[in-house]
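Pasting structure-v2.cif here (mmCIF, C-alpha atoms and all ligand atoms):
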```cif
data_structure
#
loop_
_atom_site.label_atom_id
_atom_site.label_comp_id
_atom_site.auth_asym_id
_atom_site.auth_seq_id
_atom_site.Cartn_x
_atom_site.Cartn_y
_atom_site.Cartn_z
CA MET A 1 62.64 50.00 -32.21
CA GLN A 2 65.27 48.02 -34.08
CA PRO A 3 68.56 47.86 -32.13
CA GLN A 4 71.80 47.55 -34.09
CA SER A 5 74.05 44.51 -33.63
CA ASN A 6 77.79 44.36 -32.86
CA TYR A 7 77.93 48.10 -32.40
CA PRO A 8 81.35 49.79 -31.82
CA LEU A 9 81.43 51.85 -28.60
CA ARG A 10 84.82 53.54 -28.91
CA LYS A 11 83.35 56.92 -29.84
CA LEU A 12 80.67 56.67 -27.15
CA ASN A 13 83.02 56.60 -24.13
CA THR A 14 85.55 59.33 -23.33
CA PHE A 15 88.13 56.76 -22.15
CA GLY A 16 88.15 55.60 -25.79
CA MET A 17 87.82 51.91 -24.93
CA ASP A 18 87.59 49.94 -28.16
CA VAL A 19 84.80 47.52 -27.25
CA SER A 20 81.46 46.68 -28.80
CA ALA A 21 77.86 46.03 -27.80
CA ARG A 22 75.99 42.92 -28.90
CA TYR A 23 72.96 45.22 -29.29
CA PHE A 24 72.84 49.00 -29.29
CA ALA A 25 69.88 51.37 -29.36
CA SER A 26 69.45 55.09 -28.91
CA ALA A 27 66.08 55.99 -27.37
CA GLY A 28 64.56 59.45 -27.70
CA SER A 29 61.39 58.94 -25.65
CA ILE A 30 60.06 57.19 -22.56
CA GLY A 31 57.90 55.00 -24.81
CA GLU A 32 60.93 53.80 -26.78
CA ILE A 33 62.78 52.87 -23.59
CA GLN A 34 59.71 51.03 -22.24
CA GLU A 35 59.46 49.12 -25.53
CA LEU A 36 63.11 48.03 -25.21
CA LEU A 37 62.66 47.02 -21.56
CA LEU A 38 59.80 44.71 -22.54
CA ASP A 39 61.66 43.19 -25.51
CA SER A 40 62.25 39.51 -24.75
CA ARG A 41 65.45 39.44 -26.85
CA PHE A 42 67.30 41.29 -24.08
CA ARG A 43 65.90 39.45 -21.08
CA GLY A 44 68.67 37.83 -19.04
CA LEU A 45 71.38 39.73 -20.91
CA ASP A 46 73.49 42.64 -19.61
CA GLN A 47 71.88 46.07 -19.96
CA VAL A 48 74.08 49.15 -19.78
CA ILE A 49 72.64 52.67 -19.87
CA LEU A 50 74.88 55.23 -21.46
CA GLY A 51 74.75 59.02 -21.39
CA GLY A 52 77.83 60.86 -22.63
CA GLY A 53 80.11 57.98 -21.57
CA SER A 54 82.37 60.31 -19.53
CA ASN A 55 82.23 58.41 -16.25
CA VAL A 56 82.57 54.82 -17.41
CA LEU A 57 85.36 52.36 -18.02
CA LEU A 58 84.07 49.81 -20.53
CA SER A 59 86.46 46.99 -19.77
CA ARG A 60 84.92 44.34 -22.07
CA ASP A 61 82.51 43.79 -24.92
CA ILE A 62 78.97 44.10 -23.61
CA ASN A 63 77.07 40.85 -24.15
CA GLY A 64 73.66 42.50 -24.14
CA LEU A 65 71.99 45.83 -24.78
CA VAL A 66 73.69 49.20 -24.53
CA LEU A 67 70.94 51.80 -24.37
CA LYS A 68 71.87 55.40 -25.04
CA ASN A 69 69.39 57.70 -23.39
CA ASP A 70 68.75 60.52 -25.85
CA ILE A 71 65.59 62.06 -24.40
CA ARG A 72 65.83 65.79 -25.13
CA GLY A 73 63.95 68.95 -24.15
CA ILE A 74 64.41 71.80 -21.65
CA PHE A 75 61.32 73.37 -20.06
CA LYS A 76 60.79 76.05 -17.43
CA ILE A 77 57.93 74.28 -15.68
CA ARG A 78 57.02 76.89 -13.05
CA GLU A 79 58.29 79.95 -11.25
CA ASP A 80 57.58 82.25 -8.37
CA GLU A 81 59.15 85.55 -7.35
CA ARG A 82 62.33 83.90 -6.11
CA TYR A 83 62.82 80.65 -8.02
CA ALA A 84 62.25 78.96 -11.38
CA TRP A 85 62.00 75.21 -11.79
CA VAL A 86 63.65 73.92 -14.97
CA GLN A 87 63.33 70.38 -16.26
CA ALA A 88 65.73 68.76 -18.74
CA GLY A 89 65.51 65.48 -20.60
CA ALA A 90 68.18 62.98 -19.56
CA GLY A 91 69.82 63.15 -22.98
CA GLU A 92 70.44 66.91 -22.82
CA PRO A 93 74.20 67.53 -22.76
CA TRP A 94 75.00 68.99 -19.34
CA HIS A 95 77.13 72.02 -20.16
CA PRO A 96 74.77 73.50 -22.81
CA PHE A 97 71.96 73.00 -20.27
CA VAL A 98 73.97 74.98 -17.69
CA ARG A 99 74.62 77.75 -20.21
CA HIS A 100 70.92 77.79 -21.17
CA THR A 101 69.89 78.39 -17.55
CA ILE A 102 72.50 81.15 -17.20
CA GLY A 103 71.03 82.71 -20.36
CA LEU A 104 67.65 82.73 -18.58
CA GLY A 105 69.30 84.70 -15.74
CA LEU A 106 68.93 81.81 -13.30
CA ALA A 107 71.60 81.02 -10.70
CA GLY A 108 72.70 77.71 -9.23
CA LEU A 109 74.51 75.73 -11.93
CA GLU A 110 77.32 78.19 -12.81
CA ASN A 111 80.00 76.42 -10.73
CA LEU A 112 79.12 73.18 -12.53
CA SER A 113 79.99 74.61 -15.97
CA LEU A 114 81.90 72.46 -18.45
CA ILE A 115 81.36 69.12 -16.71
CA PRO A 116 81.15 66.59 -19.55
CA GLY A 117 78.27 64.18 -19.99
CA ASN A 118 74.50 64.36 -20.05
CA THR A 119 71.93 65.63 -17.58
CA GLY A 120 70.48 62.18 -16.85
CA ALA A 121 73.76 61.01 -15.33
CA ALA A 122 74.18 64.09 -13.11
CA PRO A 123 72.20 62.62 -10.17
CA MET A 124 74.06 59.30 -10.40
CA GLN A 125 77.08 60.64 -8.55
CA ASN A 126 75.58 63.96 -7.45
CA ILE A 127 78.03 65.76 -9.72
CA GLY A 128 80.06 68.43 -8.02
CA ALA A 129 82.76 70.98 -8.65
CA TYR A 130 84.11 74.15 -7.08
CA GLY A 131 82.07 73.83 -3.90
CA VAL A 132 78.66 73.14 -5.46
CA GLU A 133 76.87 69.83 -5.92
CA LEU A 134 73.78 68.94 -7.93
CA LYS A 135 71.90 68.27 -4.67
CA ASP A 136 72.12 71.99 -3.80
CA VAL A 137 69.62 72.80 -6.58
CA PHE A 138 67.98 69.43 -7.19
CA GLU A 139 64.17 69.31 -7.06
CA GLU A 140 63.21 65.90 -8.46
CA LEU A 141 63.81 63.34 -11.16
CA GLU A 142 61.68 60.87 -13.05
CA ALA A 143 63.02 57.40 -13.73
CA LEU A 144 61.80 54.20 -15.32
CA ASP A 145 61.93 51.10 -13.17
CA ARG A 146 63.71 48.47 -15.25
CA THR A 147 61.78 45.67 -13.52
CA ASP A 148 58.34 46.71 -14.82
CA GLY A 149 58.78 49.86 -16.94
CA SER A 150 56.82 52.07 -14.50
CA LEU A 151 57.65 55.76 -14.09
CA VAL A 152 58.78 56.70 -10.56
CA ARG A 153 59.47 60.17 -9.07
CA PHE A 154 62.40 60.75 -6.72
CA GLY A 155 62.66 63.87 -4.53
CA VAL A 156 65.90 65.03 -2.98
CA ARG A 157 65.59 62.80 0.12
CA ASP A 158 64.74 59.71 -1.95
CA CYS A 159 68.00 60.09 -3.89
CA GLU A 160 70.18 59.76 -0.75
CA PHE A 161 72.79 62.08 -2.23
CA GLY A 162 76.27 61.97 -0.72
CA TYR A 163 79.73 63.03 -1.78
CA ARG A 164 79.88 61.87 -5.45
CA ASP A 165 77.23 59.35 -4.49
CA SER A 166 73.50 58.59 -4.61
CA ILE A 167 71.07 55.74 -4.13
CA PHE A 168 71.52 54.98 -7.84
CA LYS A 169 75.13 53.97 -7.21
CA GLY A 170 74.10 51.98 -4.12
CA LYS A 171 70.87 50.15 -3.35
CA PHE A 172 69.31 51.00 -6.73
CA ARG A 173 72.38 50.40 -8.92
CA ASP A 174 71.21 49.20 -12.35
CA ARG A 175 67.54 49.41 -11.34
CA PHE A 176 66.34 52.80 -12.70
CA ILE A 177 66.72 54.70 -15.96
CA ILE A 178 66.57 58.43 -15.29
CA VAL A 179 64.49 60.20 -17.93
CA THR A 180 64.14 63.79 -16.65
CA VAL A 181 65.86 65.95 -14.03
CA THR A 182 64.31 69.10 -12.52
CA VAL A 183 66.36 71.76 -10.76
CA ARG A 184 65.20 74.73 -8.70
CA LEU A 185 67.22 77.77 -9.73
CA SER A 186 67.36 81.15 -8.09
CA LYS A 187 66.44 84.54 -9.52
CA ILE A 188 68.52 86.11 -6.74
CA PRO A 189 72.02 84.63 -7.00
CA GLU A 190 74.06 83.34 -4.09
CA PHE A 191 77.66 83.19 -5.26
CA HIS A 192 80.00 80.35 -4.31
CA ILE A 193 83.56 81.51 -4.76
CA GLU A 194 85.19 79.85 -1.76
CA TYR A 195 87.39 77.73 -4.05
CA GLY A 196 90.45 79.96 -4.37
CA ALA A 197 90.95 79.28 -8.07
CA ILE A 198 87.68 81.03 -8.91
CA THR A 199 88.57 84.32 -7.19
CA ARG A 200 92.05 84.23 -8.70
CA GLU A 201 90.63 83.64 -12.18
CA LEU A 202 88.02 86.41 -11.81
CA GLU A 203 90.83 88.79 -10.83
CA ALA A 204 92.93 87.67 -13.80
CA MET A 205 89.91 88.27 -16.06
CA GLY A 206 89.65 91.81 -14.64
CA VAL A 207 86.08 91.20 -13.53
CA SER A 208 84.76 93.63 -10.95
CA GLY A 209 81.41 92.65 -9.48
CA LEU A 210 80.19 89.09 -9.38
CA THR A 211 77.72 87.70 -11.92
CA ILE A 212 76.61 84.14 -12.62
CA ASP A 213 77.96 84.41 -16.16
CA GLY A 214 81.31 85.72 -14.83
CA ILE A 215 81.63 82.72 -12.50
CA SER A 216 80.68 80.33 -15.29
CA GLN A 217 83.29 81.90 -17.59
CA ALA A 218 85.94 81.71 -14.84
CA VAL A 219 85.17 78.03 -14.20
CA MET A 220 85.31 77.33 -17.95
CA ARG A 221 88.70 79.02 -18.22
CA ILE A 222 90.18 77.19 -15.22
CA ARG A 223 88.87 73.83 -16.41
CA SER A 224 90.07 74.31 -19.99
CA SER A 225 93.55 75.19 -18.76
CA LYS A 226 93.86 72.36 -16.21
CA LEU A 227 91.88 69.33 -17.23
CA PRO A 228 92.81 66.88 -19.97
CA ASP A 229 90.42 67.14 -22.91
CA PRO A 230 89.01 63.67 -23.66
CA ALA A 231 88.90 64.63 -27.35
CA LEU A 232 92.71 64.69 -27.23
CA ILE A 233 93.51 62.03 -24.63
CA GLY A 234 91.16 59.32 -23.39
CA ASN A 235 90.05 59.71 -19.77
CA ALA A 236 86.97 59.72 -17.55
CA GLY A 237 87.92 62.56 -15.21
CA SER A 238 88.80 61.70 -11.60
CA PHE A 239 89.28 57.95 -11.43
CA PHE A 240 89.02 57.87 -7.62
CA LYS A 241 86.95 59.81 -5.10
CA ASN A 242 88.61 62.13 -2.63
CA PRO A 243 88.63 60.03 0.56
CA GLU A 244 86.90 61.27 3.70
CA CYS A 245 88.99 60.02 6.63
CA PRO A 246 88.73 60.09 10.43
CA ALA A 247 90.21 63.32 11.81
CA SER A 248 92.59 61.29 14.05
CA LEU A 249 94.24 59.62 11.04
CA VAL A 250 94.50 62.94 9.20
CA GLU A 251 96.10 64.65 12.20
CA ALA A 252 98.71 61.88 12.48
CA LEU A 253 99.51 62.19 8.76
CA LYS A 254 99.69 65.99 9.06
CA ASP A 255 102.56 65.59 11.55
CA GLN A 256 104.46 63.67 8.88
CA TYR A 257 103.33 65.72 5.86
CA PRO A 258 102.56 69.26 7.06
CA GLU A 259 102.02 70.43 3.46
CA MET A 260 99.25 67.85 2.84
CA PRO A 261 95.99 69.56 1.78
CA VAL A 262 92.94 68.65 3.89
CA TYR A 263 89.41 70.04 3.88
CA PRO A 264 86.49 69.76 6.30
CA ALA A 265 83.98 66.96 5.76
CA ALA A 266 80.95 65.59 7.59
CA GLU A 267 80.86 64.02 11.09
CA GLY A 268 84.36 64.35 12.49
CA LYS A 269 85.96 63.47 9.18
CA MET A 270 88.34 65.33 6.91
CA LYS A 271 88.49 65.25 3.12
CA MET A 272 91.88 64.48 1.59
CA ALA A 273 92.90 65.30 -2.00
CA ALA A 274 93.29 61.89 -3.68
CA GLY A 275 95.38 63.51 -6.43
CA TRP A 276 97.92 64.68 -3.84
CA LEU A 277 98.15 61.20 -2.26
CA ILE A 278 98.68 59.56 -5.67
CA GLU A 279 101.29 62.14 -6.63
CA LYS A 280 103.10 61.72 -3.31
CA ALA A 281 103.14 57.96 -3.89
CA GLY A 282 105.09 58.65 -7.08
CA TRP A 283 102.52 57.90 -9.78
CA LYS A 284 102.08 61.26 -11.48
CA GLY A 285 103.09 60.96 -15.14
CA TYR A 286 103.59 57.17 -14.89
CA ARG A 287 102.98 55.27 -18.13
CA LYS A 288 103.01 51.60 -19.04
CA GLY A 289 102.04 50.88 -22.63
CA ASP A 290 99.09 53.13 -23.39
CA ALA A 291 97.75 53.23 -19.81
CA GLY A 292 98.97 56.07 -17.64
CA VAL A 293 98.53 58.66 -14.94
CA HIS A 294 98.15 62.16 -16.33
CA PRO A 295 101.38 64.17 -15.94
CA LEU A 296 99.51 67.23 -14.60
CA GLN A 297 96.48 65.66 -12.84
CA ALA A 298 97.42 62.54 -10.87
CA LEU A 299 93.75 61.78 -10.16
CA VAL A 300 93.07 61.24 -13.86
CA LEU A 301 94.04 57.91 -15.43
CA VAL A 302 94.51 58.13 -19.18
CA ASN A 303 94.41 56.02 -22.32
CA TYR A 304 97.15 57.20 -24.67
CA GLY A 305 95.61 55.29 -27.57
CA HIS A 306 94.96 51.59 -27.38
CA ALA A 307 94.97 50.75 -23.67
CA LYS A 308 92.62 47.95 -22.71
CA GLY A 309 90.24 48.13 -19.77
CA GLU A 310 92.20 45.50 -17.85
CA GLU A 311 95.41 47.55 -18.20
CA ILE A 312 93.67 50.61 -16.72
CA LEU A 313 92.22 48.44 -13.93
CA GLU A 314 95.60 46.88 -13.20
CA LEU A 315 97.18 50.32 -12.95
CA ALA A 316 94.31 51.53 -10.72
CA GLY A 317 94.84 48.50 -8.43
CA ARG A 318 98.57 49.19 -8.11
CA ILE A 319 97.87 52.84 -7.26
CA GLN A 320 95.30 51.83 -4.63
CA ALA A 321 97.76 49.34 -3.08
CA SER A 322 100.61 51.83 -2.85
CA VAL A 323 98.42 54.62 -1.41
CA GLU A 324 97.06 52.13 1.13
CA GLU A 325 100.58 51.04 2.09
CA MET A 326 101.95 54.57 2.36
CA PHE A 327 99.02 56.39 4.01
CA LYS A 328 96.69 53.59 5.28
CA ILE A 329 93.94 55.11 3.12
CA SER A 330 91.75 53.12 0.72
CA LEU A 331 90.91 54.92 -2.47
CA GLU A 332 87.45 54.17 -3.81
CA ARG A 333 86.80 54.19 -7.54
CA GLU A 334 84.57 56.98 -8.81
CA VAL A 335 84.37 55.71 -12.39
CA ASN A 336 81.71 53.08 -13.17
CA VAL A 337 83.31 49.90 -14.51
CA TYR A 338 81.52 47.50 -16.86
P1 LIG A 401 77.99 58.09 -18.38
O1 LIG A 401 79.45 58.00 -18.29
O2 LIG A 401 77.34 57.78 -19.69
O3 LIG A 401 77.34 57.18 -17.26
C1 LIG A 401 77.81 57.23 -15.93
C2 LIG A 401 76.98 56.24 -15.08
O4 LIG A 401 75.63 56.68 -15.02
C3 LIG A 401 76.92 54.84 -15.69
O5 LIG A 401 76.85 53.93 -14.62
C4 LIG A 401 75.63 54.84 -16.48
O6 LIG A 401 75.06 53.54 -16.62
C5 LIG A 401 74.75 55.72 -15.61
N1 LIG A 401 73.77 56.50 -16.38
C6 LIG A 401 74.00 57.40 -17.34
N2 LIG A 401 72.86 57.97 -17.74
C7 LIG A 401 71.86 57.38 -17.02
C8 LIG A 401 70.45 57.54 -16.97
N3 LIG A 401 69.81 58.40 -17.76
N4 LIG A 401 69.76 56.76 -16.10
C9 LIG A 401 70.38 55.87 -15.29
N5 LIG A 401 71.72 55.68 -15.31
C10 LIG A 401 72.45 56.44 -16.15
N6 LIG A 401 82.16 64.69 -12.53
C11 LIG A 401 81.88 65.53 -11.51
O7 LIG A 401 81.06 65.20 -10.63
N7 LIG A 401 82.49 66.75 -11.41
C12 LIG A 401 83.38 67.18 -12.33
O8 LIG A 401 83.89 68.29 -12.21
C13 LIG A 401 83.72 66.31 -13.41
N8 LIG A 401 84.65 66.67 -14.31
C14 LIG A 401 84.98 65.80 -15.32
C15 LIG A 401 86.00 66.19 -16.22
C16 LIG A 401 86.36 65.33 -17.26
C17 LIG A 401 87.44 65.76 -18.23
C18 LIG A 401 85.70 64.09 -17.41
C19 LIG A 401 86.05 63.19 -18.55
C20 LIG A 401 84.72 63.70 -16.50
C21 LIG A 401 84.37 64.55 -15.45
N9 LIG A 401 83.39 64.20 -14.49
C22 LIG A 401 83.07 65.05 -13.48
C23 LIG A 401 82.73 62.89 -14.57
C24 LIG A 401 81.50 62.88 -15.50
O9 LIG A 401 81.59 63.87 -16.49
C25 LIG A 401 80.19 63.10 -14.75
O10 LIG A 401 80.05 62.11 -13.76
C26 LIG A 401 78.98 63.05 -15.67
O11 LIG A 401 77.80 63.34 -14.94
C27 LIG A 401 78.80 61.71 -16.39
O12 LIG A 401 77.79 61.89 -17.36
P2 LIG A 401 77.67 60.92 -18.60
O13 LIG A 401 76.39 61.26 -19.30
O14 LIG A 401 78.88 60.96 -19.43
O15 LIG A 401 77.52 59.52 -17.88
P1 LIG A 402 91.86 71.45 -7.29
O1 LIG A 402 91.27 72.82 -7.34
O2 LIG A 402 93.27 71.24 -7.74
O3 LIG A 402 91.71 70.86 -5.81
C1 LIG A 402 92.11 69.53 -5.51
C2 LIG A 402 91.06 68.89 -4.62
O4 LIG A 402 90.99 69.61 -3.41
C3 LIG A 402 89.70 68.94 -5.27
O5 LIG A 402 89.37 67.64 -5.66
C4 LIG A 402 88.77 69.54 -4.23
O6 LIG A 402 87.78 68.65 -3.75
C5 LIG A 402 89.66 69.89 -3.07
N1 LIG A 402 89.51 71.33 -2.77
C6 LIG A 402 90.20 72.37 -3.32
N2 LIG A 402 89.81 73.54 -2.75
C7 LIG A 402 88.88 73.22 -1.84
C8 LIG A 402 88.10 73.99 -0.92
N3 LIG A 402 88.22 75.32 -0.83
N4 LIG A 402 87.21 73.33 -0.13
C9 LIG A 402 87.06 72.00 -0.21
N5 LIG A 402 87.76 71.21 -1.06
C10 LIG A 402 88.68 71.82 -1.85
O7 LIG A 402 90.91 70.45 -8.11
P2 LIG A 402 90.81 70.19 -9.67
O8 LIG A 402 91.28 68.81 -9.94
O9 LIG A 402 91.36 71.33 -10.47
O10 LIG A 402 89.22 70.17 -9.85
C11 LIG A 402 88.47 71.35 -9.66
C12 LIG A 402 87.03 70.98 -9.34
O11 LIG A 402 86.47 70.23 -10.43
C13 LIG A 402 86.91 70.10 -8.09
O12 LIG A 402 85.75 70.47 -7.40
C14 LIG A 402 86.79 68.71 -8.66
O13 LIG A 402 85.99 67.85 -7.87
C15 LIG A 402 86.08 68.96 -10.00
N6 LIG A 402 86.50 67.92 -10.97
C16 LIG A 402 85.93 66.69 -10.87
C17 LIG A 402 86.28 65.71 -11.77
C18 LIG A 402 85.60 64.36 -11.71
O14 LIG A 402 85.75 63.59 -12.63
N7 LIG A 402 84.87 64.08 -10.67
C19 LIG A 402 87.23 65.95 -12.75
C20 LIG A 402 87.80 67.21 -12.79
C21 LIG A 402 87.44 68.20 -11.89
P3 LIG A 402 86.40 68.34 -4.48
O15 LIG A 402 86.73 67.41 -5.60
O16 LIG A 402 85.59 67.70 -3.41
O17 LIG A 402 85.79 69.62 -4.97
#
```
Starting from the file, lay out its structure as structure tokens.
Amino acid sequence: MQPQSNYPLRKLNTFGMDVSARYFASAGSIGEIQELLLDSRFRGLDQVILGGGSNVLLSRDINGLVLKNDIRGIFKIREDERYAWVQAGAGEPWHPFVRHTIGLGLAGLENLSLIPGNTGAAPMQNIGAYGVELKDVFEELEALDRTDGSLVRFGVRDCEFGYRDSIFKGKFRDRFIIVTVTVRLSKIPEFHIEYGAITRELEAMGVSGLTIDGISQAVMRIRSSKLPDPALIGNAGSFFKNPECPASLVEALKDQYPEMPVYPAAEGKMKMAAGWLIEKAGWKGYRKGDAGVHPLQALVLVNYGHAKGEEILELAGRIQASVEEMFKISLEREVNVY
């Protein structure tokens, strides 16, 4: 494979950061990736794996190899009376994959409709929306170990999935390149409509009787009406994770802010809505130069045109400091910064 030099990345990241890669290659097979991993030209240099570029902030030129994983293919690999196991190549765009499985009459991914990006990145942060996470349907993934090019299988326990988290963002950060993802989907749907917006949207659509396609359509309509389209305004979705805080802290804050939304979380903790905290701290709609906080979604930082990575990071730091000061809560970045 012959990588290209000084490659512009602006169109390959939804934040629209105008940076370049010293080397860039798009790989369509495991063999091509292995070849690149063994190439001595890139040894000792940075290596960044890119899917759809919708969860990254590229804050500088990459002095090394940017490898776009374009392995394609969707296969139903087995089925029984109740389930079907479907495998997708890491380079399959996520939303068309979701729609494909719905077309096969298989349930499990409908709440995750319209999430940008590619399938290979979905396990990275255990993507989630509207009460469903990838881990709920995940069977296994295959990944190449960057240290020796070997192919390794990870089952659900190996991935250590958490809230917008996995082992690939922790202990194994930058170690593995995911090449396939297999999900176990159900022939008998279990509907997840506990997020109020879904039921409201289904009612507005005049839908009587739940179907997986109906839920997918409802989610698509809600998302299209609420979320900033990266084709129109640069962003990478939620910049911060929703914090999970000790119940004692949340109760004390509830006395002060009775209207504050809180949701149950694991082990005596409560989940707070980071967007609400940021809005309450006065940042919603803020803009300095081309870096800003979306006027309708305070959790989404935006690039109005030519913002630089450091301007977005500076803004993120100021938001974190003011939320910390006001609520004693540390916001953790969700977006991957390079
Ligand atoms: P990229 O941005 O290309 O990469 C993300 C990270 O994964 C990087 O660290 C990259 O190096 C690594 N990576 C990518 N592919 C591979 C691979 N094959 N092997 C190893 N590492 C890899 N996320 C949610 O969870 N829920 C949502 O509802 C949601 N909504 C969004 C809405 C908008 C408008 C936007 C812009 C983003 C949203 N996101 C959401 C975030 C994002 O779309 C997801 O995290 C998505 O899975 C990222 O996929 P990607 O291919 O674009 O990853
Ligand atoms: P929303 O419906 O306005 O709700 C705000 C926050 O409250 C969400 O982040 C959600 O947490 C939480 N929430 C709402 N109802 C809940 C319930 N019944 N139980 C538990 N938690 C609840 O959120 P939104 O911004 O429009 O996003 C809708 C969904 O898409 C959310 O699931 C969100 O995570 C997802 N999304 C993610 C990104 C991203 O980049 N990660 C971007 C856009 C949207 P959760 O986030 O934990 O679900």
Show me the residues close to (97.5, 58.1, -16.6) - anything with an atom within 7 Å, counting only C-alpha atoms - and format the list as an MDAnalysis selection string. chainID A and resid 285:287 291:294 300:303
For Gly305 of chain A, the closest of A:Ala122, A:Ala231, A:Val179, A:Met270 counting all atoms listed in the file is A:Ala231
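Using all atoms listed in the file, the protein and nucleic acid residues lying no more than 10 Å from Arg41 of chain A, apart from those fewer than 5 places from it along its own chain, are Tyr23, Leu36, Gly64 and Leu65 of chain A.
A distance search around ligand LIG 402 (chain A) (7 Å at most, only C-alpha atoms and all ligand atoms) returns the following protein and nucleic acid residues: Gly128, Ala129, Tyr130, Gly131, Glu194, Tyr195, Gly196, Ala197, Arg223, Lys226, Leu227, Ala236, Gly237, Ser238, Phe239, Asn242, Tyr263, Pro264, Ala273, Gly275 and Gln297 of chain A.
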For ligand LIG 401 (chain A), return the neighbouring residues as a PyMOL selection string (distance at most 8 Å; all atoms listed in the file). chain A and resi 13-15+48-56+68-69+90-91+93-94+112+114-130+133+143+164+168-169+174+176-180+227-230+235-238+335-337
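Among the candidates A:Gly289, A:Phe240, A:Ile222, A:Glu259, the residue lying nearest to Val323 of chain A is A:Phe240 (atoms considered: all atoms listed in the file).
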